[in-house]
Structure formats: structure tokens, C-alpha cells
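To start, the structure itself, in C-alpha cells.
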Amino acid sequence: MSGELGPPQAGPSRAGHDSPNAERNRIGVPGGVIRRAGATGRRSWIQKVLEQITDSPRQWVTPSEVVPVAVLAVQRYLLEDEPRDVEPKPPLYCYDVTISDGVYQEKCYLDPSLNSLVYKNILKVGIEMKISRVSCIYNEKRLGQGILCIDSVHCGETLEAISLETPFRNRAHREVPERPLRGGKSHYLALWNNEDPYGDIWLTNKQPEEHNFNNTRIISLSHLEMTWSNRRNFPALLVRILHKSKLRYYGKPDRKMIEPYQTFLEVADSSGTVSVIMWNALCPEWYKSLRVGLVLLLQDYSVKKSYPFRMQPLPVDPHIKLISTMEICLNLRDPPTNIIIIPERQVKPEWRLPKLYHRFITRSELDDMPGNRICDVIGILVFVGRVQRSKKKESREDFWSYRWIHIADGTSEQPFIVELFSTSQPEIFENIYPMTYFICTQLKVVRNDTQVPKLLYLTTTNESRVFITGHRGQPYTNNTKVKNFIQWIKTKTDSGEVKNTVIGGYYPYPPVPETFSKYSSSVKVESLLTAISEVRKEIEDLQYREQKRIAIQGIITVIKYVPHRIPTESASASETPRNANRPSTSQAAKRESQNQERDGKHYPDDGPLASQGIHTSSGSLSPTKKKRIVQGPSDKPVTVPQPETSAESKGNKPTTSSNVQRRGSTGIGVQGKARKTISDRWESLLWREKKFGLIDHLRYSSVHPESIPRKFIFEHRNFLTQQYNSQPAKYIPPEGRPPKLDDFKSARSLGHFEITILGLNHEIAIDVAFLPMYSPEDIRTSQIDTLLTCMNYSCVFPQEGPSTDKVRGPRALAGDIIKAATELDRVHIVCILDICSLGNNKAEVYLQKIYRPDNPS
């Protein structure tokens, strides 16, 4: 097949022509003739390995010389069952890895036993990798063709830059469109989900074309509905696209479909609206060219009875009949459908094709909208969260990709909170950033007024579409609410207020219900509670960017406050990062690594998002004065001194903000040295009794740099966008020398807490992070005296800290939380944890909620 190593096909090389003593042309050599790089005098390591395999009596070898190679691509596809397979098996996704030794590139097959390296984002593009064992998989139906297989590897560090100038050794590997090395599939899948179109089989060049309707017989949808069961040949349909769904990939190992895709179009004429299903190879050919609003002429289609359990989206015009008894099927063959895009200028008024109708709402109107209502929104992005993933089914390898975003439109103090799933528009989903005009259609309202605080957000549906560019000429530009937004945003851009925006970071949403009974009814899992002994496996089973919630029982025994460290001016990215030209390995990263090696635990300098930085953005865009003060940068370092007499020396007396003392004007340490920021801490007597007898202590209280929300800087939008996207499938050369994420200023100034939870059997403990939120002007949270109360509300530290007694800062908040710990001493509680995998063996655990089992309701 085209992707395999074939007969003499050495690609052009900078190395020059063949050496005078040409290599042997042996039938069994994978890739045929092996050529030397004579001009530079440098021999390809890939060639050497291929020679060793050929000379070896086995089908695998341990290379005599292990040379680092660069990873240029990691591409995924579904491998169908082999003929010897009797029982169907779950999807087996395989990976082709493209490597470069500096002389040639080679596309290799990754042995499935190493798939976990991709799942954990350890094997990824841009890294240095050492291959310690390789084998060859031959195609027995072809002469002298084989695939180089990677059997054992060691993944190294990320390289600063990799040259893409090296050619493929085998010309078949650079053919367009690309083909997987194994199996009969004609294409690769997106690396992290199955909804996004990926690769060069997805065409975008379909253009409208004039059509002569003189000899074209057209039937209306309502007439077709009445007569289709008695027809064999169907006249043409002239319809407008009202909705377009995201892609559905239904490939399975036991199905021999080459391109198993499906998408739905909701189309209408003057008589009704109906679902059109586009199947298989037509999807790569047409999907990216079709958009909502286009007029289509459909010929040579088929009709079948509609699937009874599919819910059609609401028609844009309530006066148009919704036809749900039949479906139109479009296939590349049987019969071969003919699709023509009709130019809008050729559309005649007498055809009476429906116009597009949008259901735009403002943020102020959302408060009164019922749940499950469908709507469209327009606004400016003020927060764009990192890409996250969730499993579709526990036993499968398939994931949803999604991110949380905030959209402001100037009509409310609060933004739209949107759960944005991938809409099969990766060119938009992977390139959105704050300060962008944003339109999303077909969103569903999610609300729960019985929850405290009330739950209200929007989520995408199967028909949702996203727009960030090319608004001019779109049908929605004449909408009154769109015009009002444009007028509002012009006044804000002129004043520069829209620049206070945030990107990335951990985002704890939706909030956990306030009672355990509500939580129990809201989760859909086999087991409501997870034993603390099973937490490690739960975390280790997470894949890259996967996030899920679990509930454990335990006892809080230690609380340690870690204040936010304000970065120095030289490291601040409030404007342009000043350290953009530094090497890629930071001192902070080295320090973190050393801490890990010392005791397996991180001591981060900053905390992730607790929704405060995000609300700052929306607040700055509000046309009215905010009543709920929201968190912004606090440029004053927070010092919480330790008492001179520690809690350990005074029994079980907790350390609070009311009894802290200072050790001189320069803080702890020798006079003349810089003042140190001291963490406040409480430790229970039970912990002192049990901590040395534990059989396991899980340490997951670290907060990694990518979990920290950053102030968005437009000049560095490409870098910041890449940092919070998923790992790409192909290597993207950096633009110059990129800055480091730590160089960008955090969008939050609060610190965090490291909390130790002891299992009920006193054998296992786990360290987790807790991110408090605090707002002094919220009347409901003016008396935060318990840890349980603090978790119930969305409250944060103010942007400006007046010196009045009314405003209580992080130090007072730390005292409240530490004091609250005494009330939970030896109390059995249920903890709701967010467990997150960042890939590359990095994981975090965040405490979201505490319930008392004796009062579950």
C-alpha cells in the first residue's frame, strides 16, 4: 500500500547523489535501495537500523547505536480486524510516528503496547526520543515491502527547534493525501477526538455554480413525503440549509468502511423542512464546503423511513411544516448523489425558500429563560479556558473535547458561561482567544434554580456552529441585537476596557450541588463513592487533559496556606514578556523538579483559577457598576507569618490569623536578607499520631503552570493559544524564540491551600489543593466562618484593596479557613474531588466540596 516502505524510493536529500559504491538492492530490504548521504559525510541512523533488520535472522533488532531522533508527527487511525480475528474487539486505535534523524524522515508504526505513552502525552511532537528496539512488519502480498515498527522507546525533553527540511527516505510517505501505514483506512483521525475533520482528504474548494433549470424537474418536500414510498426515481430537490450538525465517526474494527462518517443537514423549501443524511466518502468531499444558508440542488438521492429516536432541531420558521416521517440520504454511490451549490444571485423570489432566522438573546434576557431553550449569542470573548476531555463511555477510548468560555455583551454584570464542545470546526475551536467577536448558534440553556448558588450556563448542541471571522455579509448582521452589540463594543474598544481578559487555567465548573443528596442524584456512575485506596488508580487511568469528579470519605487532618507569590517586574507579562529570549528550561521548572525528587510533592508559586480572574474580565465590560467585587491582580505580596510557638509545641491548638506574630521587621531569617513569605498551617493531633504509620501517602496538591489563568496579551496570542490547546498531531515550528508560560502574569492573586485528607481506616492519606473564593461585598458571604460555607458560594478577593476594615484580604481568609479546620477535627466527611491529568505524568487533585454524612440533605 502507499504508506509502506516500498521498492527503490529514496527521496531527494540535501546529502547529494549516491556514493560511487552503491548499496545492494536486496528484495528483503524494507524500502528497497538504501542510499548514503555522501555529500555531508553524515550517515542516516534510520538507514543503519534498516540494514541491521535485514541482516538479522530475527524480525527485530536492538540498534547497535541508539541515536536521539526528533518526533515530527503522531497520527491516529482505526485498525480493522485482521482476518484471523474471530470475535469483534473494541476500537483499536493505532499510531504512526514520524521521526527525523537529521538526514531523513521516516514514518514508523508504534507498537500498540506503547499506546499509553500517547494517551499520557509523553510521546508527543517536538520531543527528542531514543528508540532502543525496532522490528519490521512485512506486507506478505507485496514484494520486498515492510513497515518499520517502534517496539521500545525512551521519551526525552522538548527540543527548542526542529528542522522540517529533511526529506522522507521513502517517497510514498510524502504522498498526498496521506495514508496510514497499516489497514485499509484511507485517512487519519484527529489525534484527540473523532468529531474533528483532520488531514488532506477534507476538501474545501466546492464553489457555487450557475445551473440551467430549464430541463430540471423539481419536487417539493411535502409532495415527496406523500409519494416517496411509491417511487423509484425521485425528481430534484431545491432546498436551503437551515442547520448543519457536527460529524459523527462510526468506524469499528469489524466494519470495512473506508471513510465511516455521517452528518445531518436540516434543509427546507417553502413546503417543509426535512433531515438530510450525508454518508461516508461524501463527508470528506463536501462537509467543509457546506454552510448554513446555502441553497442546494440535490439529484439522485435516496429516501428512507426516518429513525424514530432522533430529535430534529426546531425549524427556524414555526410556520414551516416539520417532516419527520422520512429522511433524505446522500451517498457517493448507490445511487451516486449529485450536489450543486446554487449562487444566491440565481435564487428567485418565486421559489419562496425560507430565510434564516436567528434566536439571539442578550445576557440580561438569559436570567429569565427556561431550561432547555435553544438560543444564539453574540459577544466578545473575555475568558477562554484550556481544552479538556471527557470519556464518552467508561470502557471506550473515545473522548469529547470541550472548553469553558465567557462571553460579554454589555447588557449584564455577568457574562454568558458556555460549555463549548468541539463542533467539527477545529480551525475555530483551536484558535479562539480573548478580545475576539464571537457568535455561537443553537446553544441550549442549562439551569437549576434549586441549587445554591443557582446554576445557569449554555452548552452546545449537535447543530451548534461557531463564527469568529467573516461576519460581514452574514445574514445575522442585520439582527437588532447584533447591531446593538456592535455599537456597544465600539465604545469599549475605544476606551481600552476590553483588554482586561484571561486565558487558560483550571476552571471548576459547573459547581458542585450544596447537599450530598443533590450531588448523588446528579451523577451517573456505577459507584457513588471511591475508596481512598482506589484514588491512585483512578488518577493513573486518566488520559491527557481528562478531567472527572469523584467522591471519597475521610478526615481533614492538615491545612497549609500557600500565599500567592507576586512575580517580579522582570518576570511580569503585564506588557510584553521581558524574558522571551531565555532558554526554554526555566529556573522555576528546575526548582519544581528538584522538589519532586526530594519528596514527591510540588510546592508551586501560584494557584490556578477559581473563577475569579474570569469574572474580572466580564466585570470590566459591564455597563453598570458591579455589586459583586471580582478578583483581579493584587500587586501587594501577602505575608502570613508563623507564630513563634508552633502548633506542634502547644498540642492541638490551631494557628489562625488572630494569633500570628512577627519575628522582627525583616521576617524569619538573618537580618539583612529579603523578607520571606511564611505559610500558615494547622495540623490535627490525629495526624501527628497516624502520619508515620501510613501505608501510602498520595501527594497531588501541586498546581502546575498551565493550570494558572494568565492575563491575555494580544501580541502573544499565538503562543498563549497553543499553550492551552491540546497537543498538535504535527510539529509546528515556533515563531522566533517563544516566551515561557511562567513569564506571563497570573490573573489571580489569591493563594491556595494544601489539604491532607486521612482515610477512615487511618492507613492512606491524600494531599489535595483547595482554591478559596472570596468577595467582601457579597452579603451572603460576609460571615465565612466554616470551610463548608466557604465552598458554597462564588466569592473572590477584590481587585482593589481599600484599607477599610470592611474589606478582608487573603490573610483574613486564611485565618477563617484555618479556624474552620478545628470544627472538622476528627469529623468523618465526604469530599468531592476534581482529578485532572495534564499529560506527561502530571496530575492535579482539587477539593471542590465537603459534605457531612450525618447531614447529607
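How things are named: the first chain in the C-alpha cells is A, the next is B, and so on; residues count from 1 in each chain; ligands count from 1 in the order shown.
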
All residues 7 Å or closer to Ile99 (chain A), only C-alpha atoms, same chain fewer than 6 positions away omitted, as a PyMOL selection string: chain A and resi 69-72+105-107

Any chance you can output those residues with all heavy atoms as a PDB file, in the first residue's frame?
```
ATOM      1  N   VAL A  69      16.367  10.840  18.071  1.00  0.00           N
ATOM      2  CA  VAL A  69      15.651  11.316  16.888  1.00  0.00           C
ATOM      3  C   VAL A  69      14.584  12.301  17.351  1.00  0.00           C
ATOM      4  O   VAL A  69      14.190  12.305  18.518  1.00  0.00           O
ATOM      5  CB  VAL A  69      15.011  10.156  16.092  1.00  0.00           C
ATOM      6  CG1 VAL A  69      16.076   9.244  15.520  1.00  0.00           C
ATOM      7  CG2 VAL A  69      14.034   9.371  16.962  1.00  0.00           C
ATOM      8  N   ALA A  70      14.137  13.124  16.433  1.00  0.00           N
ATOM      9  CA  ALA A  70      13.087  14.098  16.741  1.00  0.00           C
ATOM     10  C   ALA A  70      11.747  13.566  16.274  1.00  0.00           C
ATOM     11  O   ALA A  70      11.650  12.938  15.212  1.00  0.00           O
ATOM     12  CB  ALA A  70      13.396  15.438  16.076  1.00  0.00           C
ATOM     13  N   VAL A  71      10.692  13.830  17.052  1.00  0.00           N
ATOM     14  CA  VAL A  71       9.345  13.399  16.695  1.00  0.00           C
ATOM     15  C   VAL A  71       8.649  14.557  15.974  1.00  0.00           C
ATOM     16  O   VAL A  71       8.477  15.639  16.534  1.00  0.00           O
ATOM     17  CB  VAL A  71       8.542  12.993  17.950  1.00  0.00           C
ATOM     18  CG1 VAL A  71       7.136  12.575  17.557  1.00  0.00           C
ATOM     19  CG2 VAL A  71       9.239  11.864  18.682  1.00  0.00           C
ATOM     20  N   LEU A  72       8.242  14.312  14.743  1.00  0.00           N
ATOM     21  CA  LEU A  72       7.618  15.342  13.919  1.00  0.00           C
ATOM     22  C   LEU A  72       6.109  15.177  13.809  1.00  0.00           C
ATOM     23  O   LEU A  72       5.411  16.147  13.507  1.00  0.00           O
ATOM     24  CB  LEU A  72       8.228  15.341  12.510  1.00  0.00           C
ATOM     25  CG  LEU A  72       9.718  15.668  12.428  1.00  0.00           C
ATOM     26  CD1 LEU A  72      10.177  15.645  10.977  1.00  0.00           C
ATOM     27  CD2 LEU A  72      10.003  17.026  13.028  1.00  0.00           C
ATOM     28  N   GLN A 105      13.566  11.661   7.129  1.00  0.00           N
ATOM     29  CA  GLN A 105      12.380  11.413   7.937  1.00  0.00           C
ATOM     30  C   GLN A 105      11.866  10.020   7.606  1.00  0.00           C
ATOM     31  O   GLN A 105      12.035   9.534   6.490  1.00  0.00           O
ATOM     32  CB  GLN A 105      11.274  12.428   7.627  1.00  0.00           C
ATOM     33  CG  GLN A 105      11.583  13.859   8.014  1.00  0.00           C
ATOM     34  CD  GLN A 105      10.413  14.783   7.745  1.00  0.00           C
ATOM     35  OE1 GLN A 105       9.253  14.386   7.898  1.00  0.00           O
ATOM     36  NE2 GLN A 105      10.702  16.012   7.326  1.00  0.00           N
ATOM     37  N   GLU A 106      11.229   9.398   8.599  1.00  0.00           N
ATOM     38  CA  GLU A 106      10.659   8.072   8.388  1.00  0.00           C
ATOM     39  C   GLU A 106       9.361   7.974   9.174  1.00  0.00           C
ATOM     40  O   GLU A 106       9.294   8.367  10.355  1.00  0.00           O
ATOM     41  CB  GLU A 106      11.622   6.980   8.859  1.00  0.00           C
ATOM     42  CG  GLU A 106      11.177   5.568   8.531  1.00  0.00           C
ATOM     43  CD  GLU A 106      11.435   5.185   7.080  1.00  0.00           C
ATOM     44  OE1 GLU A 106      12.136   5.937   6.371  1.00  0.00           O
ATOM     45  OE2 GLU A 106      10.951   4.118   6.667  1.00  0.00           O
ATOM     46  N   LYS A 107       8.322   7.457   8.534  1.00  0.00           N
ATOM     47  CA  LYS A 107       7.054   7.207   9.207  1.00  0.00           C
ATOM     48  C   LYS A 107       7.065   5.776   9.726  1.00  0.00           C
ATOM     49  O   LYS A 107       7.237   4.829   8.955  1.00  0.00           O
ATOM     50  CB  LYS A 107       5.878   7.425   8.265  1.00  0.00           C
ATOM     51  CG  LYS A 107       4.515   7.325   8.950  1.00  0.00           C
ATOM     52  CD  LYS A 107       3.368   7.513   7.977  1.00  0.00           C
ATOM     53  CE  LYS A 107       3.252   8.935   7.505  1.00  0.00           C
ATOM     54  NZ  LYS A 107       2.031   9.143   6.682  1.00  0.00           N
TER      55      LYS A 107
END
```

Would you pick out the contacts of Ile559 (chain A) at 7 Å or less, using only C-alpha atoms, so that residues sharing its chain but fewer than 4 positions from it are not included, and give the list as a list of chain:residue names?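 After dropping sequence-adjacent residues, the list is A:Arg681, A:Trp682, A:Glu683, A:Phe753, A:Glu754, A:Ile755, A:Thr756, A:Ile818.
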
Leaving out Gln262 (chain A) and any residue of its chain fewer than 3 positions from it, which residues lie within 12 Å of it when counting only C-alpha atoms, given as JSON, numbers by chain? {"A": [194, 195, 197, 244, 245, 246, 247, 248, 249, 250, 251, 257, 259, 265, 276, 277, 278, 279, 280, 281, 282, 283, 284, 286, 287, 329, 330, 331, 424]}

Same residues, C-alpha atoms, saved as a compact mmCIF listing (two decimals), in the first residue's frame:
```txt
# COMPACT_ATOMS: atom_id res chain seq x y z
CA ASN A 194 -13.34 11.70 16.39
CA GLU A 195 -15.53 14.72 15.62
CA PRO A 197 -12.05 16.58 10.32
CA LYS A 244 -25.61 21.55 9.90
CA SER A 245 -24.58 19.02 12.53
CA LYS A 246 -21.10 18.10 13.66
CA LEU A 247 -19.51 14.97 12.23
CA ARG A 248 -20.17 11.51 13.57
CA TYR A 249 -17.48 8.86 13.11
CA TYR A 250 -18.91 5.37 13.39
CA GLY A 251 -15.87 3.29 12.45
CA MET A 257 -15.97 1.13 5.65
CA GLU A 259 -14.45 6.56 5.46
CA LEU A 265 -28.29 18.70 7.30
CA VAL A 276 -30.68 15.02 5.03
CA ILE A 277 -28.03 12.45 5.95
CA MET A 278 -24.69 12.63 4.20
CA TRP A 279 -22.78 9.34 4.33
CA ASN A 280 -19.20 8.10 4.17
CA ALA A 281 -16.93 9.45 1.41
CA LEU A 282 -19.28 12.34 0.64
CA CYS A 283 -18.42 13.84 4.02
CA PRO A 284 -14.72 14.45 3.30
CA TRP A 286 -18.46 18.14 0.89
CA TYR A 287 -18.63 18.73 4.67
CA CYS A 329 -29.85 10.01 2.08
CA LEU A 330 -26.83 11.23 0.12
CA ASN A 331 -24.18 8.70 -0.89
CA SER A 424 -16.22 19.83 13.96
```

Please identify all polymer residues within 10 Å of region 480-485 of chain A, counting only C-alpha atoms, omitting same-chain residues fewer than 6 positions from it, and present them as a VMD selection string. chain A and resid 359 to 362 377 to 380 408 to 411 437 439

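Of the residues in region 461-528 of chain A, those given alpha helix (DSSP H) by DSSP on the backbone are A:Thr480, A:Lys481, A:Val482, A:Lys483, A:Asn484, A:Phe485, A:Ile486, A:Gln487, A:Trp488, A:Ile489, A:Lys490, A:Thr491, A:Lys492, A:Thr493, A:Asp494, A:Ser495, A:Phe516, A:Ser517, A:Lys518, A:Tyr519, A:Ser520, A:Ser521, A:Ser522.
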
Write the selection just made, keeping N, CA and C atoms, as an mmCIF file, in the first residue's frame?
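Resulting contents of result_23.cif:
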```
data_model
loop_
_atom_site.group_PDB
_atom_site.id
_atom_site.type_symbol
_atom_site.label_atom_id
_atom_site.label_comp_id
_atom_site.auth_asym_id
_atom_site.auth_seq_id
_atom_site.Cartn_x
_atom_site.Cartn_y
_atom_site.Cartn_z
ATOM 1 N N THR A 480 -31.165 43.061 15.157
ATOM 2 C CA THR A 480 -31.119 44.237 16.025
ATOM 3 C C THR A 480 -30.157 44.042 17.190
ATOM 4 N N LYS A 481 -30.167 42.863 17.793
ATOM 5 C CA LYS A 481 -29.293 42.624 18.944
ATOM 6 C C LYS A 481 -27.829 42.569 18.528
ATOM 7 N N VAL A 482 -27.575 42.099 17.323
ATOM 8 C CA VAL A 482 -26.210 42.103 16.814
ATOM 9 C C VAL A 482 -25.736 43.538 16.610
ATOM 10 N N LYS A 483 -26.600 44.372 16.038
ATOM 11 C CA LYS A 483 -26.245 45.780 15.830
ATOM 12 C C LYS A 483 -26.005 46.487 17.158
ATOM 13 N N ASN A 484 -26.838 46.197 18.156
ATOM 14 C CA ASN A 484 -26.667 46.829 19.464
ATOM 15 C C ASN A 484 -25.330 46.441 20.093
ATOM 16 N N PHE A 485 -24.965 45.173 19.946
ATOM 17 C CA PHE A 485 -23.679 44.722 20.498
ATOM 18 C C PHE A 485 -22.522 45.439 19.806
ATOM 19 N N ILE A 486 -22.601 45.558 18.490
ATOM 20 C CA ILE A 486 -21.513 46.193 17.748
ATOM 21 C C ILE A 486 -21.351 47.646 18.180
ATOM 22 N N GLN A 487 -22.457 48.340 18.398
ATOM 23 C CA GLN A 487 -22.378 49.718 18.856
ATOM 24 C C GLN A 487 -21.763 49.801 20.250
ATOM 25 N N TRP A 488 -22.139 48.865 21.124
ATOM 26 C CA TRP A 488 -21.587 48.864 22.478
ATOM 27 C C TRP A 488 -20.096 48.576 22.477
ATOM 28 N N ILE A 489 -19.680 47.603 21.696
ATOM 29 C CA ILE A 489 -18.269 47.201 21.723
ATOM 30 C C ILE A 489 -17.379 48.281 21.146
ATOM 31 N N LYS A 490 -17.904 49.093 20.238
ATOM 32 C CA LYS A 490 -17.101 50.189 19.693
ATOM 33 C C LYS A 490 -16.727 51.182 20.780
ATOM 34 N N THR A 491 -17.652 51.464 21.689
ATOM 35 C CA THR A 491 -17.344 52.401 22.774
ATOM 36 C C THR A 491 -16.331 51.801 23.740
ATOM 37 N N LYS A 492 -16.379 50.477 23.921
ATOM 38 C CA LYS A 492 -15.461 49.842 24.861
ATOM 39 C C LYS A 492 -14.065 49.688 24.270
ATOM 40 N N THR A 493 -13.972 49.377 22.990
ATOM 41 C CA THR A 493 -12.649 49.239 22.376
ATOM 42 C C THR A 493 -11.942 50.581 22.327
ATOM 43 N N ASP A 494 -12.717 51.636 22.149
ATOM 44 C CA ASP A 494 -12.104 52.956 22.136
ATOM 45 C C ASP A 494 -11.526 53.305 23.502
ATOM 46 N N SER A 495 -12.180 52.865 24.563
ATOM 47 C CA SER A 495 -11.708 53.188 25.910
ATOM 48 C C SER A 495 -10.668 52.211 26.414
ATOM 49 N N PHE A 516 -25.401 16.710 49.707
ATOM 50 C CA PHE A 516 -24.932 15.421 49.203
ATOM 51 C C PHE A 516 -26.039 14.679 48.450
ATOM 52 N N SER A 517 -27.274 14.853 48.878
ATOM 53 C CA SER A 517 -28.371 14.175 48.189
ATOM 54 C C SER A 517 -28.527 14.717 46.767
ATOM 55 N N LYS A 518 -28.363 16.028 46.595
ATOM 56 C CA LYS A 518 -28.431 16.596 45.248
ATOM 57 C C LYS A 518 -27.254 16.133 44.400
ATOM 58 N N TYR A 519 -26.102 16.054 45.036
ATOM 59 C CA TYR A 519 -24.939 15.539 44.298
ATOM 60 C C TYR A 519 -25.182 14.102 43.860
ATOM 61 N N SER A 520 -25.711 13.289 44.754
ATOM 62 C CA SER A 520 -25.948 11.878 44.445
ATOM 63 C C SER A 520 -26.897 11.711 43.265
ATOM 64 N N SER A 521 -27.915 12.557 43.199
ATOM 65 C CA SER A 521 -28.888 12.438 42.108
ATOM 66 C C SER A 521 -28.364 13.017 40.801
ATOM 67 N N SER A 522 -27.303 13.826 40.873
ATOM 68 C CA SER A 522 -26.801 14.479 39.659
ATOM 69 C C SER A 522 -25.730 13.680 38.945
#
```

Would you kindly return, as a ChimeraX atom specification, each protein, DNA or RNA residue with an atom no farther than 12 Å from any atom of Glu463 (chain A), considering only C-alpha atoms and excluding same-chain residues fewer than 6 positions away? /A:241-248,263-266,291-292,311-314,374-376,421-425,440-444

Same residues, C-alpha atoms, saved as a PDB file, in the first residue's frame:
```
ATOM      1  CA  ILE A 241     -29.555  24.544   4.545  1.00  0.00           C
ATOM      2  CA  LEU A 242     -31.003  25.637   7.893  1.00  0.00           C
ATOM      3  CA  HIS A 243     -28.807  23.564  10.222  1.00  0.00           C
ATOM      4  CA  LYS A 244     -25.613  21.547   9.896  1.00  0.00           C
ATOM      5  CA  SER A 245     -24.576  19.018  12.527  1.00  0.00           C
ATOM      6  CA  LYS A 246     -21.102  18.102  13.662  1.00  0.00           C
ATOM      7  CA  LEU A 247     -19.515  14.975  12.234  1.00  0.00           C
ATOM      8  CA  ARG A 248     -20.171  11.515  13.570  1.00  0.00           C
ATOM      9  CA  THR A 263     -23.508  14.220   9.182  1.00  0.00           C
ATOM     10  CA  PHE A 264     -27.015  15.703   9.213  1.00  0.00           C
ATOM     11  CA  LEU A 265     -28.291  18.702   7.296  1.00  0.00           C
ATOM     12  CA  GLU A 266     -31.664  20.205   8.089  1.00  0.00           C
ATOM     13  CA  ARG A 291     -22.515  26.002   5.407  1.00  0.00           C
ATOM     14  CA  VAL A 292     -25.793  27.147   6.868  1.00  0.00           C
ATOM     15  CA  MET A 311     -34.824  14.525  17.694  1.00  0.00           C
ATOM     16  CA  GLN A 312     -34.818  17.075  14.902  1.00  0.00           C
ATOM     17  CA  PRO A 313     -33.874  20.647  15.785  1.00  0.00           C
ATOM     18  CA  LEU A 314     -36.693  23.167  15.828  1.00  0.00           C
ATOM     19  CA  ILE A 374     -32.380  26.918  22.241  1.00  0.00           C
ATOM     20  CA  CYS A 375     -30.755  30.285  21.530  1.00  0.00           C
ATOM     21  CA  ASP A 376     -27.946  32.106  19.719  1.00  0.00           C
ATOM     22  CA  PHE A 421     -17.760  21.240  22.809  1.00  0.00           C
ATOM     23  CA  SER A 422     -15.949  20.615  19.555  1.00  0.00           C
ATOM     24  CA  THR A 423     -18.325  21.470  16.707  1.00  0.00           C
ATOM     25  CA  SER A 424     -16.220  19.829  13.956  1.00  0.00           C
ATOM     26  CA  GLN A 425     -14.691  23.257  13.361  1.00  0.00           C
ATOM     27  CA  CYS A 440     -22.386  30.664  18.611  1.00  0.00           C
ATOM     28  CA  THR A 441     -25.720  29.303  17.401  1.00  0.00           C
ATOM     29  CA  GLN A 442     -28.036  26.567  18.635  1.00  0.00           C
ATOM     30  CA  LEU A 443     -26.981  26.713  22.269  1.00  0.00           C
ATOM     31  CA  LYS A 444     -29.084  25.044  24.959  1.00  0.00           C
TER      32      LYS A 444
END
```

Just the residues within 12 Å of Leu458 (chain A), please, counting only C-alpha atoms, with nothing from its chain fewer than 3 positions along; format it as a ChimeraX atom specification. /A:361,363,366-367,369-377,404-407,415-421,440-447,455,461,464,509-510

Computed interatomic separation between CA of Asp196 (chain A) and CA of Glu80 (chain A) (Å):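 Result for CA of Asp196 (chain A) versus CA of Glu80 (chain A): 20.4 Å, one decimal.
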
So what do you get for CA of Gly505 (chain A) versus CA of Ser533 (chain A), distance-wise? 28.5 Å

Restricting the calculation to only C-alpha atoms: of A:Lys124, A:His211, A:Arg179, A:His716, which residue gets closest to Gly736 (chain A)?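 Closest candidate: A:His716.
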
Residue neighbourhood Asp696 (chain A), 10 Å, only C-alpha atoms, exclusion window fewer than 5 positions, as a list in words: Ser533, Lys691, Glu763, Ile764, Ala765 and Ile766 of chain A

For CA of Arg465 (chain A) and CA of Glu715 (chain A), quote the distance in Å rounded to one decimal. 27.3 Å

Step one, run DSSP on the backbone; step two, keep only residues of region 36-245 of chain A assigned to strand (DSSP E); then write them as a VMD selection string. chain A and resid 60 to 61 69 to 78 93 to 100 105 to 110 127 to 138 146 to 158 237 to 244

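You can rank A:Leu92, A:Leu356, A:Ala172, A:Leu123 by their closest distance to Tyr476 (chain A) using only C-alpha atoms, and at the top of that list sits A:Leu356.
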